[in-house]
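Structure file final.tsv; described as TSV, C-alpha atoms.
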chain	number	residue	atom	x	y	z
A	1	MET	CA	49.92	62.22	82.67
A	2	ALA	CA	51.76	58.95	82.58
A	3	ALA	CA	51.31	57.55	79.09
A	4	VAL	CA	49.95	60.72	77.56
A	5	LEU	CA	52.59	63.37	78.01
A	6	ILE	CA	54.62	65.37	80.42
A	7	ALA	CA	52.61	68.54	80.87
A	8	VAL	CA	52.50	71.86	82.61
A	9	GLY	CA	48.89	71.98	83.77
A	10	GLY	CA	47.32	70.47	80.69
A	11	LEU	CA	47.38	70.19	76.99
A	12	GLY	CA	46.35	73.32	76.92
A	13	PHE	CA	50.03	74.10	77.32
A	14	ALA	CA	51.81	70.76	77.10
A	15	ILE	CA	55.50	70.12	76.97
A	16	PHE	CA	56.06	66.75	75.32
A	17	GLN	CA	59.00	64.68	76.49
A	18	ASN	CA	61.80	64.77	73.95
A	19	THR	CA	62.85	61.36	72.67
A	20	ALA	CA	65.03	60.02	69.88
A	21	GLU	CA	61.91	59.77	67.74
A	22	SER	CA	61.13	63.46	68.07
A	23	ARG	CA	60.94	65.10	64.69
A	24	SER	CA	62.23	68.50	63.65
A	25	ALA	CA	59.62	71.00	62.58
A	26	PRO	CA	60.13	73.60	59.86
A	27	GLU	CA	60.65	77.18	61.01
A	28	LYS	CA	56.96	77.93	60.52
A	29	ARG	CA	53.98	76.61	58.61
A	30	ALA	CA	50.33	77.51	58.81
A	31	ALA	CA	46.94	76.66	57.39
A	32	THR	CA	43.86	78.89	57.34
A	33	VAL	CA	40.39	77.92	56.22
A	34	VAL	CA	37.25	80.04	56.62
A	35	LEU	CA	33.83	78.79	55.58
A	36	ASP	CA	30.92	81.22	55.14
A	37	ARG	CA	27.91	79.13	56.14
A	38	THR	CA	25.52	81.65	54.57
A	39	SER	CA	26.97	81.34	51.08
A	40	GLY	CA	28.37	77.85	51.55
A	41	LYS	CA	31.68	79.05	50.11
A	42	GLN	CA	35.18	79.16	51.53
A	43	VAL	CA	36.26	82.75	52.08
A	44	VAL	CA	39.82	81.63	52.72
A	45	SER	CA	41.46	78.34	51.79
A	46	SER	CA	45.17	78.00	52.45
A	47	ARG	CA	46.83	74.60	52.94
A	48	GLY	CA	43.58	73.12	54.20
A	49	GLY	CA	44.65	69.56	53.47
A	50	GLU	CA	47.96	69.71	55.35
A	51	GLN	CA	48.22	67.71	58.56
A	52	PHE	CA	49.14	69.26	61.91
A	53	ARG	CA	49.32	67.85	65.42
A	54	THR	CA	45.99	68.84	66.96
A	55	ALA	CA	47.05	69.50	70.56
A	56	SER	CA	43.84	70.21	72.51
A	57	VAL	CA	41.68	70.67	69.42
A	58	VAL	CA	41.25	66.88	69.48
A	59	LYS	CA	39.09	67.40	72.56
A	60	LEU	CA	36.31	68.23	70.11
A	61	LEU	CA	36.40	64.60	68.97
A	62	ILE	CA	36.73	63.25	72.51
A	63	ALA	CA	33.64	65.24	73.52
A	64	LEU	CA	31.69	64.44	70.36
A	65	ASP	CA	32.30	60.74	70.92
A	66	VAL	CA	30.72	60.96	74.39
A	67	VAL	CA	27.82	63.21	73.44
A	68	THR	CA	26.68	61.15	70.46
A	69	LYS	CA	26.55	57.87	72.40
A	70	GLY	CA	23.31	58.77	74.13
A	71	ALA	CA	21.82	60.76	76.98
A	72	LEU	CA	24.47	62.19	79.28
A	73	LYS	CA	24.46	61.92	83.03
A	74	LYS	CA	24.88	65.24	84.82
A	75	ALA	CA	28.42	64.30	85.81
A	76	ASP	CA	29.32	63.53	82.19
A	77	GLU	CA	27.88	66.82	81.01
A	78	MET	CA	29.90	68.69	83.63
A	79	GLN	CA	33.07	66.90	82.51
A	80	ILE	CA	32.47	67.84	78.88
A	81	ARG	CA	31.83	71.45	79.82
A	82	GLN	CA	35.02	71.69	81.88
A	83	MET	CA	37.16	69.91	79.30
A	84	LEU	CA	36.03	72.16	76.46
A	85	SER	CA	35.67	75.52	78.17
A	86	LYS	CA	38.84	75.24	80.28
A	87	SER	CA	40.81	72.84	78.05
A	88	ASP	CA	41.14	70.51	81.03
A	89	ASP	CA	43.69	67.78	80.31
A	90	GLY	CA	42.88	65.67	83.34
A	91	ILE	CA	39.35	65.13	82.09
A	92	ALA	CA	40.60	64.50	78.56
A	93	ASN	CA	42.93	61.81	79.93
A	94	THR	CA	40.05	60.15	81.77
A	95	LEU	CA	37.71	60.14	78.79
A	96	TRP	CA	40.48	59.03	76.43
A	97	SER	CA	41.33	56.03	78.60
A	98	ARG	CA	37.71	55.18	79.37
A	99	ASN	CA	36.46	55.26	75.79
A	100	GLY	CA	39.16	53.47	73.85
A	101	GLY	CA	41.94	55.99	73.26
A	102	PRO	CA	42.90	56.05	69.55
A	103	ALA	CA	39.63	54.28	68.67
A	104	ILE	CA	37.87	57.54	69.55
A	105	VAL	CA	39.66	59.28	66.70
A	106	THR	CA	39.23	56.36	64.30
A	107	ARG	CA	35.48	55.98	64.81
A	108	THR	CA	34.61	59.68	64.90
A	109	ALA	CA	36.71	60.33	61.80
A	110	ALA	CA	34.90	57.48	60.01
A	111	ALA	CA	31.47	58.67	61.16
A	112	LEU	CA	32.13	62.23	59.98
A	113	GLY	CA	33.93	61.26	56.79
A	114	LEU	CA	37.13	63.04	57.81
A	115	LYS	CA	39.76	62.40	55.19
A	116	ASN	CA	43.02	63.15	56.98
A	117	THR	CA	42.41	62.77	60.72
A	118	VAL	CA	44.31	59.90	62.33
A	119	PRO	CA	45.45	58.98	65.84
A	120	ALA	CA	49.10	59.27	66.80
A	121	PRO	CA	51.32	56.17	66.60
A	122	ASP	CA	51.74	56.40	70.38
A	123	ALA	CA	48.30	55.40	71.69
A	124	GLY	CA	48.61	57.49	74.83
A	125	ARG	CA	49.39	60.80	73.16
A	126	TRP	CA	45.99	62.18	72.23
A	127	GLY	CA	47.53	65.61	71.56
A	128	ASP	CA	49.62	64.09	68.77
A	129	THR	CA	46.48	63.20	66.80
A	130	LEU	CA	46.90	64.50	63.25
A	131	SER	CA	44.24	66.49	61.44
A	132	THR	CA	43.80	69.24	58.87
A	133	ALA	CA	42.04	72.58	58.71
A	134	ASP	CA	39.55	71.13	56.21
A	135	ASP	CA	38.72	68.26	58.54
A	136	ILE	CA	38.30	70.55	61.54
A	137	VAL	CA	35.89	72.71	59.52
A	138	ALA	CA	33.95	69.50	58.83
A	139	ILE	CA	33.83	68.72	62.57
A	140	TYR	CA	32.19	72.08	63.27
A	141	GLN	CA	29.78	71.56	60.38
A	142	HIS	CA	28.77	68.24	61.88
A	143	VAL	CA	28.30	69.68	65.36
A	144	LEU	CA	26.12	72.48	64.01
A	145	LYS	CA	23.79	69.89	62.44
A	146	LEU	CA	23.26	67.90	65.65
A	147	PRO	CA	19.92	68.05	67.50
A	148	LYS	CA	19.79	71.19	69.64
A	149	ALA	CA	20.35	69.47	72.99
A	150	LYS	CA	23.49	67.70	71.84
A	151	ARG	CA	24.68	70.72	69.88
A	152	ASP	CA	24.38	72.89	72.98
A	153	GLN	CA	26.33	70.39	75.08
A	154	LEU	CA	29.28	70.97	72.77
A	155	LEU	CA	28.91	74.60	71.73
A	156	LYS	CA	27.87	76.19	75.03
A	157	PRO	CA	31.26	75.44	76.62
A	158	LEU	CA	33.03	76.81	73.52
A	159	ARG	CA	31.02	80.04	73.82
A	160	GLU	CA	31.98	80.23	77.49
A	161	ALA	CA	35.71	79.57	77.02
A	162	GLY	CA	37.29	81.83	79.62
A	163	LYS	CA	40.50	83.77	79.27
A	164	THR	CA	42.39	81.44	81.62
A	165	ALA	CA	42.57	77.74	80.85
A	166	ALA	CA	42.78	74.98	83.46
A	167	ASP	CA	46.58	75.13	83.32
A	168	GLY	CA	46.67	78.91	83.77
A	169	PHE	CA	47.48	79.68	80.13
A	170	ASP	CA	45.79	82.63	78.38
A	171	GLN	CA	43.59	80.94	75.78
A	172	HIS	CA	42.08	84.14	74.35
A	173	PHE	CA	44.64	84.41	71.56
A	174	GLY	CA	43.54	84.24	67.95
A	175	ILE	CA	39.77	84.33	67.39
A	176	PRO	CA	38.66	85.67	70.81
A	177	SER	CA	41.16	88.52	70.64
A	178	ALA	CA	40.64	89.44	66.99
A	179	PHE	CA	36.84	89.11	67.03
A	180	HIS	CA	36.22	90.47	70.52
A	181	ASP	CA	33.28	92.55	69.26
A	182	ARG	CA	31.45	89.60	67.70
A	183	PRO	CA	29.91	86.39	69.00
A	184	TRP	CA	32.35	83.49	68.97
A	185	ALA	CA	32.79	79.91	70.16
A	186	VAL	CA	36.31	78.46	70.24
A	187	LYS	CA	38.44	75.43	70.87
A	188	GLN	CA	42.08	76.40	71.09
A	189	GLY	CA	45.20	74.27	71.10
A	190	TRP	CA	48.76	74.99	72.22
A	191	ALA	CA	51.67	72.63	72.82
A	192	ALA	CA	55.46	72.63	72.85
A	193	GLY	CA	58.06	69.89	72.50
A	194	ARG	CA	58.74	66.70	70.55
A	195	GLY	CA	60.30	68.71	67.76
A	196	GLY	CA	58.05	71.74	67.49
A	197	VAL	CA	55.52	74.21	68.86
A	198	ASP	CA	51.87	74.03	67.82
A	199	VAL	CA	49.30	76.80	68.22
A	200	HIS	CA	45.75	76.60	66.88
A	201	THR	CA	42.69	78.81	67.08
A	202	THR	CA	39.47	77.28	65.79
A	203	GLY	CA	35.77	77.94	66.07
A	204	LEU	CA	32.68	79.88	65.06
A	205	VAL	CA	32.47	83.61	64.47
A	206	GLY	CA	29.59	86.01	63.91
A	207	LYS	CA	25.83	86.21	64.29
A	208	ASN	CA	24.17	82.81	63.95
A	209	ASP	CA	27.63	81.22	63.76
A	210	ARG	CA	27.98	82.45	60.21
A	211	TYR	CA	31.68	81.63	59.83
A	212	ILE	CA	33.74	78.58	60.69
A	213	VAL	CA	37.32	79.74	61.19
A	214	VAL	CA	40.27	77.37	61.53
A	215	ILE	CA	43.86	78.61	61.86
A	216	LEU	CA	46.49	75.94	62.49
A	217	SER	CA	50.17	76.73	62.94
A	218	SER	CA	53.41	74.95	63.73
A	219	PHE	CA	56.74	76.52	64.66
A	220	ALA	CA	60.29	75.34	65.16
A	221	ALA	CA	61.24	73.83	68.50
A	222	GLY	CA	62.18	76.49	71.02
A	223	THR	CA	59.81	79.13	69.66
A	224	ASP	CA	58.35	81.14	72.53
A	225	LEU	CA	54.65	80.36	72.97
A	226	THR	CA	53.86	84.05	73.33
A	227	VAL	CA	55.37	84.64	69.89
A	228	ALA	CA	53.40	81.74	68.44
A	229	THR	CA	50.08	82.85	69.94
A	230	ALA	CA	50.71	86.45	68.85
A	231	THR	CA	51.18	85.18	65.30
A	232	ALA	CA	47.85	83.31	65.50
A	233	THR	CA	46.18	86.48	66.72
A	234	SER	CA	47.70	88.48	63.89
A	235	THR	CA	46.45	85.95	61.36
A	236	ALA	CA	42.96	86.06	62.85
A	237	ALA	CA	43.01	89.87	62.87
A	238	SER	CA	43.84	89.88	59.16
A	239	LEU	CA	40.52	88.13	58.55
A	240	VAL	CA	38.38	90.72	60.36
A	241	PRO	CA	37.81	93.01	57.33
A	242	ARG	CA	36.84	90.03	55.18
A	243	LEU	CA	34.12	88.62	57.45
A	244	VAL	CA	30.79	90.47	57.43
A	245	LYS	CA	29.49	91.41	60.85

As a first step, turn the structure in this file into structure tokens.
Amino acid sequence: MAAVLIAVGGLGFAIFQNTAESRSAPEKRAATVVLDRTSGKQVVSSRGGEQFRTASVVKLLIALDVVTKGALKKADEMQIRQMLSKSDDGIANTLWSRNGGPAIVTRTAAALGLKNTVPAPDAGRWGDTLSTADDIVAIYQHVLKLPKAKRDQLLKPLREAGKTAADGFDQHFGIPSAFHDRPWAVKQGWAAGRGGVDVHTTGLVGKNDRYIVVILSSFAAGTDLTVATATATSTAASLVPRLVK
């Protein structure tokens, strides 16, 4: 991954190279925002404006940038599907380099009116893009309002996200595990290194995509990823009684 990161498989599970600029993360912090699209109200709103490194959740913006430019060639559509459903880093690297790197984040954030989503200082590290739970909810809101063909190009892969990501990591933590008996569409993120461990579970839950659920979490460096993902699953499970089937 040359300029992007040193990774095991993909970002999906990425181990960032430690450098002198690496920052220490607090022991644990988390943000949870749930929007009920039927009522238009937030069911849960906790630290929604706090920035986190996005890890692979930024692939939503990379894909959105491609899809909204115009009609996709079959090859492009296949790349988007693989990148989103399998969290494929190789494809993310290609699209990031091809379409302007940090400019992808800057222009999509401007187009969507995202308040706190910015590219990382290091132009190659797309996984270090910063965003908030509130902004990620807004991304899903935007996607859901797209014309059906474009909407399906983004959401179909999220509905088909398999248990095993491109790097071999189990990406069914959080929403897929907690809401296994309901329809869902997810984009997960998980990364370790450069001062911390990040685990995110984001997506749509319920009939007619009633709820947008975003759970972002960051842990101290050295935290086992299985512990971090189990925590995300526990947080998602705590929401189950509060979200109408």

Determine, for each residue of range 85-201 of chain A having at least one atom at most 7 Å from an atom of range 55-75 of chain A, the closest pair of atoms and their separation in Å to one decimal, counting only C-alpha atoms; order by chain and ascending number, as a Markdown table.
| residue | atom | partner | partner_atom | distance |
| --- | --- | --- | --- | --- |
| A:Ser87 | CA | A:Ser56 | CA | 6.8 |
| A:Ala92 | CA | A:Lys59 | CA | 6.8 |
| A:Trp96 | CA | A:Ile62 | CA | 6.9 |
| A:Ile104 | CA | A:Ile62 | CA | 6.5 |
| A:Val105 | CA | A:Leu61 | CA | 6.6 |
| A:Thr108 | CA | A:Asp65 | CA | 6.5 |
| A:Gly127 | CA | A:Ala55 | CA | 4.0 |
| A:Asp128 | CA | A:Ala55 | CA | 6.3 |
| A:Thr129 | CA | A:Val58 | CA | 6.9 |
| A:Lys150 | CA | A:Val67 | CA | 6.4 |
| A:Lys187 | CA | A:Val57 | CA | 5.9 |
| A:Gln188 | CA | A:Val57 | CA | 6.0 |
| A:Gly189 | CA | A:Ser56 | CA | 4.5 |
| A:Trp190 | CA | A:Ala55 | CA | 6.0 |
| A:Ala191 | CA | A:Ala55 | CA | 6.0 |

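In this structure, CA of Thr106 in chain A sits 28.2 Å away from CA of Lys28 in chain A.
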
Which residues of range 82-200 of chain A come within 10 Å of range 43-47 of chain A, and for each one, what is the closest pair of atoms and their distance in Å to one decimal, counting only C-alpha atoms, sorted by chain and residue number, as CSV?
residue,atom,partner,partner_atom,distance
A:Thr132,CA,A:Arg47,CA,8.5
A:Ala133,CA,A:Arg47,CA,7.8
A:Asp134,CA,A:Ser45,CA,8.7

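Distance-wise, CA of Lys115 in chain A and CA of Ala138 in chain A end up 9.9 Å apart.
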
_When you count only C-alpha atoms, which of these residues is closest to Pro176 in chain A: A:Ser217, A:Gln141, A:Asn208, A:Thr201?_
A:Thr201

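Taking only C-alpha atoms, the non-local environment of Ala220 in chain A within 10 Å (same-chain residues fewer than 3 positions away omitted) comprises Ser24, Ala25, Pro26, Glu27, Lys28, Arg29, Ala192, Gly193, Gly195, Gly196, Val197, Asp198, Thr223, Asp224 and Ala228 of chain A.
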
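Of note, CA of Gln51 in chain A and CA of Thr229 in chain A are spaced 19.0 Å apart.
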
*Taking only C-alpha atoms into account, which of A:Ala161, A:Val240, A:Ala31, A:Leu112 comes nearest Lys86 in chain A?*
A:Ala161

*Which protein, DNA or RNA residues are at most 12 Å from (34.0, 81.5, 78.7) in the file's coordinates when you count all atoms listed in the file, listed as a ChimeraX atom specification?*
/A:81-82,84-87,155-166,170-172,176,183-187

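For the choices A:Val33, A:Leu144, A:Ala236, A:Ala111, the atom-to-atom distance to Phe179 in chain A is smallest for A:Ala236 when using only C-alpha atoms.
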
*Rank A:Asp88, A:Pro102, A:Leu154, A:Pro241 by their smallest atom-to-atom distance to Gly168 in chain A, using only C-alpha atoms, and report the top residue only.*
A:Asp88

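Among the candidates A:Ser238, A:Phe173, A:Lys148, A:Ser131, the one nearest to Thr117 in chain A when counting all atoms listed in the file is A:Ser131.
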
*Taking the point (29.2, 79.3, 54.5) as given in the file, collect each protein or nucleic acid residue that comes within 10 Å of it, counting only C-alpha atoms, and present the set as a PyMOL selection string.*
chain A and resi 34-43+141+209-212
